[in-house]
$ cat data-v9.txt   # compact mmCIF, C-alpha atoms
# COMPACT_ATOMS: atom_id res chain seq x y z
CA ASP J 1 68.36 27.00 28.76
CA GLU J 2 68.09 28.88 32.04
CA GLY J 3 64.83 27.33 33.18
CA ILE J 4 64.33 23.91 31.58
CA LYS J 5 67.89 22.60 31.42
CA LYS J 6 68.69 23.74 34.93
CA GLN J 7 65.26 22.71 36.31
CA ASN J 8 64.80 26.26 37.63
CA THR J 9 61.04 26.50 38.23
CA GLU J 10 61.26 30.01 39.69
CA TYR J 11 62.79 31.29 36.45
CA LEU J 12 60.12 29.50 34.41
CA PHE J 13 57.35 30.98 36.55
CA TYR J 14 58.91 34.47 36.36
CA SER J 15 59.26 34.21 32.57
CA GLY J 16 55.68 32.97 32.27
CA VAL J 17 54.35 35.89 34.31
CA ILE J 18 56.29 38.35 32.13
CA MET J 19 54.95 36.74 28.92
CA ILE J 20 51.35 36.73 30.17
CA SER J 21 51.72 40.38 31.25
CA LEU J 22 53.03 41.33 27.80
CA ILE J 23 50.15 39.46 26.15
CA ILE J 24 47.62 41.37 28.28
CA ILE J 25 49.32 44.68 27.44
CA ALA J 26 49.38 43.81 23.70
CA TYR J 27 45.71 42.76 23.75
CA THR J 28 44.64 45.93 25.57
CA SER J 29 46.71 48.07 23.20
CA SER J 30 45.15 46.33 20.21
CA ILE J 31 41.63 47.04 21.47
CA GLY J 32 42.56 50.67 22.13
CA CYS J 33 44.15 51.00 18.70
CA SER J 34 41.04 49.62 17.01
CA TYR J 35 38.71 51.86 19.03
CA PHE J 36 40.64 55.06 18.35
CA SER J 37 41.22 54.26 14.68
CA VAL J 38 37.48 53.71 14.12
CA LYS J 39 36.57 56.84 16.10
CA GLY J 40 39.12 58.95 14.24
CA ALA J 41 38.09 57.56 10.86
CA GLN J 42 34.40 58.26 11.46
CA ASN J 43 35.18 61.81 12.55
CA LEU J 44 37.33 62.25 9.46
CA GLY J 45 34.51 60.92 7.28
CA ALA J 46 31.95 63.27 8.82
CA ASP J 47 34.24 66.25 8.32
CA LEU J 48 35.01 65.23 4.72
CA ARG J 49 31.33 64.76 3.84
CA GLU J 50 30.46 68.14 5.30
CA THR J 51 33.32 69.80 3.42
CA VAL J 52 32.45 68.11 0.12
CA PHE J 53 28.78 69.00 0.47
CA SER J 54 29.61 72.62 1.31
CA LYS J 55 32.02 72.84 -1.62
CA ILE J 56 29.41 71.47 -4.05
CA GLN J 57 26.90 74.06 -2.84
CA PHE J 58 29.19 76.84 -4.05
CA PHE J 59 29.86 75.36 -7.53
CA ASN J 60 28.96 77.63 -10.41
CA PHE J 61 27.10 76.26 -13.44
CA ASN J 62 30.31 75.54 -15.39
CA GLN J 63 31.68 73.48 -12.51
CA LEU J 64 28.37 71.63 -12.09
CA ASN J 65 28.39 70.75 -15.80
CA GLN J 66 31.83 69.15 -15.44
CA PHE J 67 30.46 66.48 -13.09
CA SER J 68 27.26 64.47 -13.34
CA GLN J 69 24.92 64.17 -10.36
CA THR J 70 25.73 60.51 -9.94
CA SER J 71 29.44 61.28 -9.97
CA LEU J 72 29.05 63.90 -7.24
CA ILE J 73 26.83 61.62 -5.14
CA ARG J 74 29.26 58.72 -5.46
CA ARG J 75 32.22 60.92 -4.61
CA ALA J 76 30.43 62.20 -1.51
CA THR J 77 29.55 58.68 -0.35
CA LYS J 78 31.57 55.79 -1.74
CA ASP J 79 34.86 57.63 -2.21
CA ILE J 80 34.73 59.02 1.31
CA ASP J 81 33.95 55.51 2.57
CA GLN J 82 37.12 54.32 0.83
CA ILE J 83 39.12 57.11 2.48
CA ILE J 84 37.69 56.12 5.86
CA LEU J 85 38.63 52.48 5.26
CA MET J 86 42.15 53.44 4.17
CA TYR J 87 42.57 55.64 7.24
CA MET J 88 41.41 52.86 9.58
CA MET J 89 43.68 50.29 7.94
CA SER J 90 46.67 52.61 7.93
CA THR J 91 46.28 53.57 11.57
CA ARG J 92 45.86 49.93 12.59
CA VAL J 93 48.33 48.20 10.31
CA ALA J 94 50.90 50.86 9.43
CA LEU J 95 51.76 51.60 13.04
CA ARG J 96 52.22 47.90 13.75
CA ILE J 97 54.36 47.50 10.64
CA VAL J 98 56.66 50.35 11.69
CA VAL J 99 57.11 48.89 15.16
CA THR J 100 57.68 45.40 13.71
CA ILE J 101 60.27 46.64 11.20
CA LEU J 102 62.14 48.63 13.83
CA GLY J 103 62.06 45.64 16.17
CA ALA J 104 63.28 43.35 13.38
CA ILE J 105 66.16 45.71 12.54
CA PHE J 106 67.13 45.93 16.21
CA MET J 107 67.01 42.15 16.67
CA VAL J 108 68.98 41.47 13.47
CA LEU J 109 71.63 43.96 14.55
CA TYR J 110 71.70 42.33 17.98
CA ILE J 111 71.98 38.77 16.63
CA ASP J 112 74.31 39.17 13.62
CA PHE J 113 75.68 42.37 12.10
CA GLN J 114 76.45 40.78 8.71
CA LEU J 115 72.89 39.53 8.44
CA ALA J 116 71.73 43.06 9.26
CA LEU J 117 73.69 44.42 6.30
CA ILE J 118 71.85 42.03 3.97
CA PHE J 119 68.55 43.05 5.52
CA LEU J 120 69.37 46.75 5.16
CA PHE J 121 70.44 46.17 1.54
CA PHE J 122 67.03 44.72 0.61
CA LEU J 123 64.99 47.27 2.58
CA PRO J 124 65.29 50.09 -0.04
CA ILE J 125 64.40 47.60 -2.79
CA CYS J 126 61.24 46.63 -0.91
CA ILE J 127 60.34 50.28 -0.35
CA PHE J 128 60.83 51.01 -4.06
CA LEU J 129 58.62 48.07 -5.06
CA ILE J 130 55.88 49.19 -2.67
CA TYR J 131 56.05 52.72 -4.12
CA PHE J 132 55.99 51.38 -7.70
CA TYR J 133 52.90 49.24 -7.13
CA MET J 134 51.11 52.00 -5.24
CA LYS J 135 51.73 54.39 -8.15
CA LYS J 136 50.49 51.80 -10.65
CA SER J 137 47.38 51.05 -8.57
CA THR J 138 46.57 54.77 -8.39
CA ILE J 139 46.49 54.97 -12.19
CA LEU J 140 44.28 51.89 -12.35
CA PHE J 141 41.98 53.34 -9.69
CA ILE J 142 41.51 56.56 -11.69
CA ASN J 143 40.55 54.50 -14.77
CA VAL J 144 38.06 52.45 -12.76
CA GLN J 145 36.66 55.69 -11.30
CA LYS J 146 35.94 57.04 -14.78
CA LYS J 147 34.25 53.80 -15.83
CA LEU J 148 32.12 53.78 -12.68
CA ASP J 149 31.01 57.33 -13.45
CA LYS J 150 29.84 56.20 -16.91
CA ILE J 151 28.03 53.16 -15.52
CA SER J 152 26.32 55.24 -12.82
CA GLN J 153 25.18 57.77 -15.41
CA ILE J 154 23.74 55.05 -17.69
CA ILE J 155 21.90 53.40 -14.78
CA LYS J 156 20.49 56.76 -13.68
CA GLU J 157 19.25 57.49 -17.23
CA ASN J 158 17.69 54.03 -17.50
CA LEU J 159 15.97 54.34 -14.12
CA SER J 160 14.61 57.80 -14.93
CA GLY J 161 13.39 56.49 -18.29
CA ILE J 162 11.33 53.78 -16.56
CA ARG J 163 8.84 56.39 -15.32
CA VAL J 164 8.27 57.68 -18.85
CA VAL J 165 7.65 54.18 -20.23
CA ARG J 166 5.37 53.38 -17.31
CA ALA J 167 3.32 56.52 -17.85
$ encode --input "data-v9.txt" --output "structure tokens"
Amino acid sequence: DEGIKKQNTEYLFYSGVIMISLIIIAYTSSIGCSYFSVKGAQNLGADLRETVFSKIQFFNFNQLNQFSQTSLIRRATKDIDQIILMYMMSTRVALRIVVTILGAIFMVLYIDFQLALIFLFFLPICIFLIYFYMKKSTILFINVQKKLDKISQIIKENLSGIRVVRA
């Protein structure tokens, strides 16, 4: 309304410069966020692998019998890869989500207080649903983990049996 209706080209140019500046800042911040999340995740993964390997080295025979070799190998590789991926996604996405939600709450409060009350009413419901599904997915993940351990063990036994048949 200030620029187009009133034919104010200075205001349009000023607004355009501000928007382009904000786009450049957002783009640069996004690149920095991606770089630091990958760097932090890889450092976390290296530290985790070293810690897991060191911990396995000090297992006694009873502890070693609780886990198969394939299970320990998979936990030291694939599971840590999943942790790295989760860390990268959470540092990239979760920070943006927090800023977006806070910005949305501020803007809703600024535009219409009654609308903000509706928004704030549904926010705890959304948080509860997210928690519920995360809890359910954790249980499903543990079940899949156990099944993957069994499959890895069977494949290892089959592959080691190939040498005997070949001989």
$ atom_distance --input "data-v9.txt" --atom1 "atom CA of J:Thr100" --atom2 "atom CA of J:Tyr87"
19.4 Å
$ atom_distance --input "data-v9.txt" --atom1 "atom CA of J:Ser30" --atom2 "atom CA of J:Ala46"
24.3 Å
$ residues_around --input "data-v9.txt" --residues "stretch 136-150 of chain J" --least-positions-apart "5" --cutoff "9 Å" --atoms "only C-alpha atoms" --output "list in words"
Ser68, Thr70, Ser71, Arg74, Tyr131 and Ile155 of chain J
$ write_last_selection --input "data-v9.txt" --atoms "C-alpha atoms" --output "JSON list (two decimals), in the coordinates of the input"
[["chain", "number", "residue", "atom", "x", "y", "z"],
["J", 68, "SER", "CA", 27.26, 64.47, -13.34],
["J", 70, "THR", "CA", 25.73, 60.51, -9.94],
["J", 71, "SER", "CA", 29.44, 61.28, -9.97],
["J", 74, "ARG", "CA", 29.26, 58.72, -5.46],
["J", 131, "TYR", "CA", 56.05, 52.72, -4.12],
["J", 155, "ILE", "CA", 21.90, 53.40, -14.78]]
$ closest_atom_pairs --input "data-v9.txt" --of "stretch 56-156 of chain J" --to "stretch 34-43 of chain J" --cutoff "12 Å" --atoms "all atoms listed in the file" --output "tab-separated table"
residue	atom	partner	partner_atom	distance
J:Ile80	CA	J:Gln42	CA	10.2
J:Asp81	CA	J:Gln42	CA	9.3
J:Gln82	CA	J:Ala41	CA	10.6
J:Ile83	CA	J:Ala41	CA	8.5
J:Ile84	CA	J:Ala41	CA	5.2
J:Leu85	CA	J:Ala41	CA	7.6
J:Met86	CA	J:Ala41	CA	8.8
J:Tyr87	CA	J:Ala41	CA	6.1
J:Met88	CA	J:Ser37	CA	5.3
J:Met89	CA	J:Ser37	CA	8.2
J:Ser90	CA	J:Ser37	CA	8.8
J:Thr91	CA	J:Ser37	CA	6.0
J:Arg92	CA	J:Ser34	CA	6.5
J:Val93	CA	J:Ser34	CA	10.0
J:Ala94	CA	J:Ser37	CA	11.5
J:Leu95	CA	J:Ser37	CA	11.0
J:Arg96	CA	J:Ser34	CA	11.8
$ atom_distance --input "data-v9.txt" --atom1 "atom CA of J:Asn62" --atom2 "atom CA of J:Ser152"
20.8 Å
$ closest_residue --input "data-v9.txt" --among "J:Val17, J:Leu129, J:Ile154, J:Ala116" --to "J:Gln69" --atoms "all atoms listed in the file"
J:Ile154
$ decode --input "data-v9.txt" --residues "stretch 42-163 of chain J" --atoms "C-alpha atoms" --output "mmCIF file, in the first residue's frame"
data_model
loop_
_atom_site.group_PDB
_atom_site.id
_atom_site.type_symbol
_atom_site.label_atom_id
_atom_site.label_comp_id
_atom_site.auth_asym_id
_atom_site.auth_seq_id
_atom_site.Cartn_x
_atom_site.Cartn_y
_atom_site.Cartn_z
ATOM 1 C CA GLN J 42 31.222 -36.234 11.908
ATOM 2 C CA ASN J 43 33.187 -35.338 15.027
ATOM 3 C CA LEU J 44 30.433 -36.843 17.157
ATOM 4 C CA GLY J 45 30.515 -40.009 15.042
ATOM 5 C CA ALA J 46 34.288 -40.350 15.342
ATOM 6 C CA ASP J 47 34.122 -39.918 19.107
ATOM 7 C CA LEU J 48 31.252 -42.413 19.407
ATOM 8 C CA ARG J 49 33.019 -45.037 17.295
ATOM 9 C CA GLU J 50 36.184 -44.676 19.341
ATOM 10 C CA THR J 51 34.233 -44.941 22.600
ATOM 11 C CA VAL J 52 32.234 -47.975 21.431
ATOM 12 C CA PHE J 53 35.362 -49.729 20.190
ATOM 13 C CA SER J 54 37.212 -49.015 23.450
ATOM 14 C CA LYS J 55 34.244 -50.233 25.492
ATOM 15 C CA ILE J 56 34.027 -53.487 23.515
ATOM 16 C CA GLN J 57 37.737 -54.105 24.098
ATOM 17 C CA PHE J 58 37.111 -54.250 27.846
ATOM 18 C CA PHE J 59 34.111 -56.633 27.694
ATOM 19 C CA ASN J 60 34.516 -59.808 29.711
ATOM 20 C CA PHE J 61 33.496 -63.173 28.242
ATOM 21 C CA ASN J 62 29.975 -63.028 29.718
ATOM 22 C CA GLN J 63 29.369 -59.633 28.121
ATOM 23 C CA LEU J 64 30.792 -60.806 24.781
ATOM 24 C CA ASN J 65 28.444 -63.810 24.831
ATOM 25 C CA GLN J 66 25.440 -61.501 25.223
ATOM 26 C CA PHE J 67 26.073 -59.930 21.804
ATOM 27 C CA SER J 68 26.998 -61.590 18.531
ATOM 28 C CA GLN J 69 29.905 -60.293 16.448
ATOM 29 C CA THR J 70 27.570 -59.078 13.745
ATOM 30 C CA SER J 71 25.483 -57.228 16.308
ATOM 31 C CA LEU J 72 28.538 -55.458 17.713
ATOM 32 C CA ILE J 73 29.833 -54.591 14.238
ATOM 33 C CA ARG J 74 26.463 -53.229 13.161
ATOM 34 C CA ARG J 75 26.101 -51.210 16.339
ATOM 35 C CA ALA J 76 29.547 -49.704 15.823
ATOM 36 C CA THR J 77 28.805 -48.778 12.211
ATOM 37 C CA LYS J 78 25.170 -48.533 11.147
ATOM 38 C CA ASP J 79 23.729 -47.408 14.479
ATOM 39 C CA ILE J 80 26.339 -44.683 14.832
ATOM 40 C CA ASP J 81 25.575 -43.616 11.250
ATOM 41 C CA GLN J 82 21.926 -43.263 12.276
ATOM 42 C CA ILE J 83 22.928 -41.149 15.282
ATOM 43 C CA ILE J 84 25.042 -38.947 13.007
ATOM 44 C CA LEU J 85 22.127 -38.516 10.604
ATOM 45 C CA MET J 86 19.741 -37.689 13.456
ATOM 46 C CA TYR J 87 22.199 -35.150 14.854
ATOM 47 C CA MET J 88 22.623 -33.462 11.462
ATOM 48 C CA MET J 89 18.883 -33.336 10.850
ATOM 49 C CA SER J 90 18.130 -32.034 14.324
ATOM 50 C CA THR J 91 20.740 -29.296 14.160
ATOM 51 C CA ARG J 92 19.545 -28.232 10.710
ATOM 52 C CA VAL J 93 15.798 -28.639 11.033
ATOM 53 C CA ALA J 94 15.085 -28.337 14.753
ATOM 54 C CA LEU J 95 16.719 -24.930 15.062
ATOM 55 C CA ARG J 96 14.749 -23.649 12.085
ATOM 56 C CA ILE J 97 11.532 -25.080 13.513
ATOM 57 C CA VAL J 98 12.066 -23.327 16.852
ATOM 58 C CA VAL J 99 12.709 -20.001 15.147
ATOM 59 C CA THR J 100 9.697 -20.497 12.857
ATOM 60 C CA ILE J 101 7.372 -21.390 15.746
ATOM 61 C CA LEU J 102 8.527 -18.422 17.823
ATOM 62 C CA GLY J 103 8.112 -16.146 14.808
ATOM 63 C CA ALA J 104 4.644 -17.563 14.133
ATOM 64 C CA ILE J 105 3.577 -17.031 17.756
ATOM 65 C CA PHE J 106 4.885 -13.464 17.677
ATOM 66 C CA MET J 107 3.131 -12.689 14.387
ATOM 67 C CA VAL J 108 -0.160 -14.255 15.509
ATOM 68 C CA LEU J 109 -0.044 -12.241 18.728
ATOM 69 C CA TYR J 110 0.731 -9.126 16.689
ATOM 70 C CA ILE J 111 -2.073 -9.684 14.171
ATOM 71 C CA ASP J 112 -4.924 -11.031 16.329
ATOM 72 C CA PHE J 113 -4.854 -11.964 20.017
ATOM 73 C CA GLN J 114 -7.942 -14.221 19.809
ATOM 74 C CA LEU J 115 -6.367 -16.177 16.973
ATOM 75 C CA ALA J 116 -3.247 -16.525 19.129
ATOM 76 C CA LEU J 117 -5.308 -18.130 21.893
ATOM 77 C CA ILE J 118 -6.541 -20.778 19.449
ATOM 78 C CA PHE J 119 -2.993 -21.341 18.256
ATOM 79 C CA LEU J 120 -1.702 -21.659 21.826
ATOM 80 C CA PHE J 121 -4.548 -24.070 22.652
ATOM 81 C CA PHE J 122 -3.519 -26.474 19.879
ATOM 82 C CA LEU J 123 0.227 -26.202 20.520
ATOM 83 C CA PRO J 124 0.262 -28.589 23.559
ATOM 84 C CA ILE J 125 -1.879 -31.063 21.610
ATOM 85 C CA CYS J 126 0.651 -31.044 18.773
ATOM 86 C CA ILE J 127 3.528 -31.487 21.214
ATOM 87 C CA PHE J 128 1.743 -34.431 22.854
ATOM 88 C CA LEU J 129 1.126 -36.088 19.474
ATOM 89 C CA ILE J 130 4.771 -35.665 18.488
ATOM 90 C CA TYR J 131 5.861 -37.219 21.804
ATOM 91 C CA PHE J 132 3.381 -40.097 21.406
ATOM 92 C CA TYR J 133 4.565 -40.991 17.908
ATOM 93 C CA MET J 134 8.226 -40.679 18.872
ATOM 94 C CA LYS J 135 7.656 -43.084 21.786
ATOM 95 C CA LYS J 136 5.828 -45.529 19.517
ATOM 96 C CA SER J 137 8.544 -45.336 16.851
ATOM 97 C CA THR J 138 11.214 -46.064 19.476
ATOM 98 C CA ILE J 139 9.475 -49.319 20.389
ATOM 99 C CA LEU J 140 9.192 -50.261 16.721
ATOM 100 C CA PHE J 141 12.866 -49.409 16.177
ATOM 101 C CA ILE J 142 13.932 -51.725 19.018
ATOM 102 C CA ASN J 143 11.913 -54.574 17.462
ATOM 103 C CA VAL J 144 13.470 -53.960 14.047
ATOM 104 C CA GLN J 145 16.912 -53.858 15.698
ATOM 105 C CA LYS J 146 16.397 -57.326 17.176
ATOM 106 C CA LYS J 147 15.225 -58.713 13.831
ATOM 107 C CA LEU J 148 18.225 -57.187 12.053
ATOM 108 C CA ASP J 149 20.524 -58.851 14.587
ATOM 109 C CA LYS J 150 18.959 -62.241 13.757
ATOM 110 C CA ILE J 151 19.213 -61.669 10.004
ATOM 111 C CA SER J 152 22.853 -60.549 10.280
ATOM 112 C CA GLN J 153 23.698 -63.632 12.332
ATOM 113 C CA ILE J 154 22.038 -65.980 9.802
ATOM 114 C CA ILE J 155 23.832 -64.319 6.877
ATOM 115 C CA LYS J 156 27.163 -64.541 8.704
ATOM 116 C CA GLU J 157 26.623 -68.263 9.396
ATOM 117 C CA ASN J 158 25.640 -68.898 5.778
ATOM 118 C CA LEU J 159 28.658 -67.012 4.443
ATOM 119 C CA SER J 160 31.061 -68.822 6.771
ATOM 120 C CA GLY J 161 29.477 -72.138 5.749
ATOM 121 C CA ILE J 162 30.246 -71.451 2.074
ATOM 122 C CA ARG J 163 33.970 -72.033 2.693
#
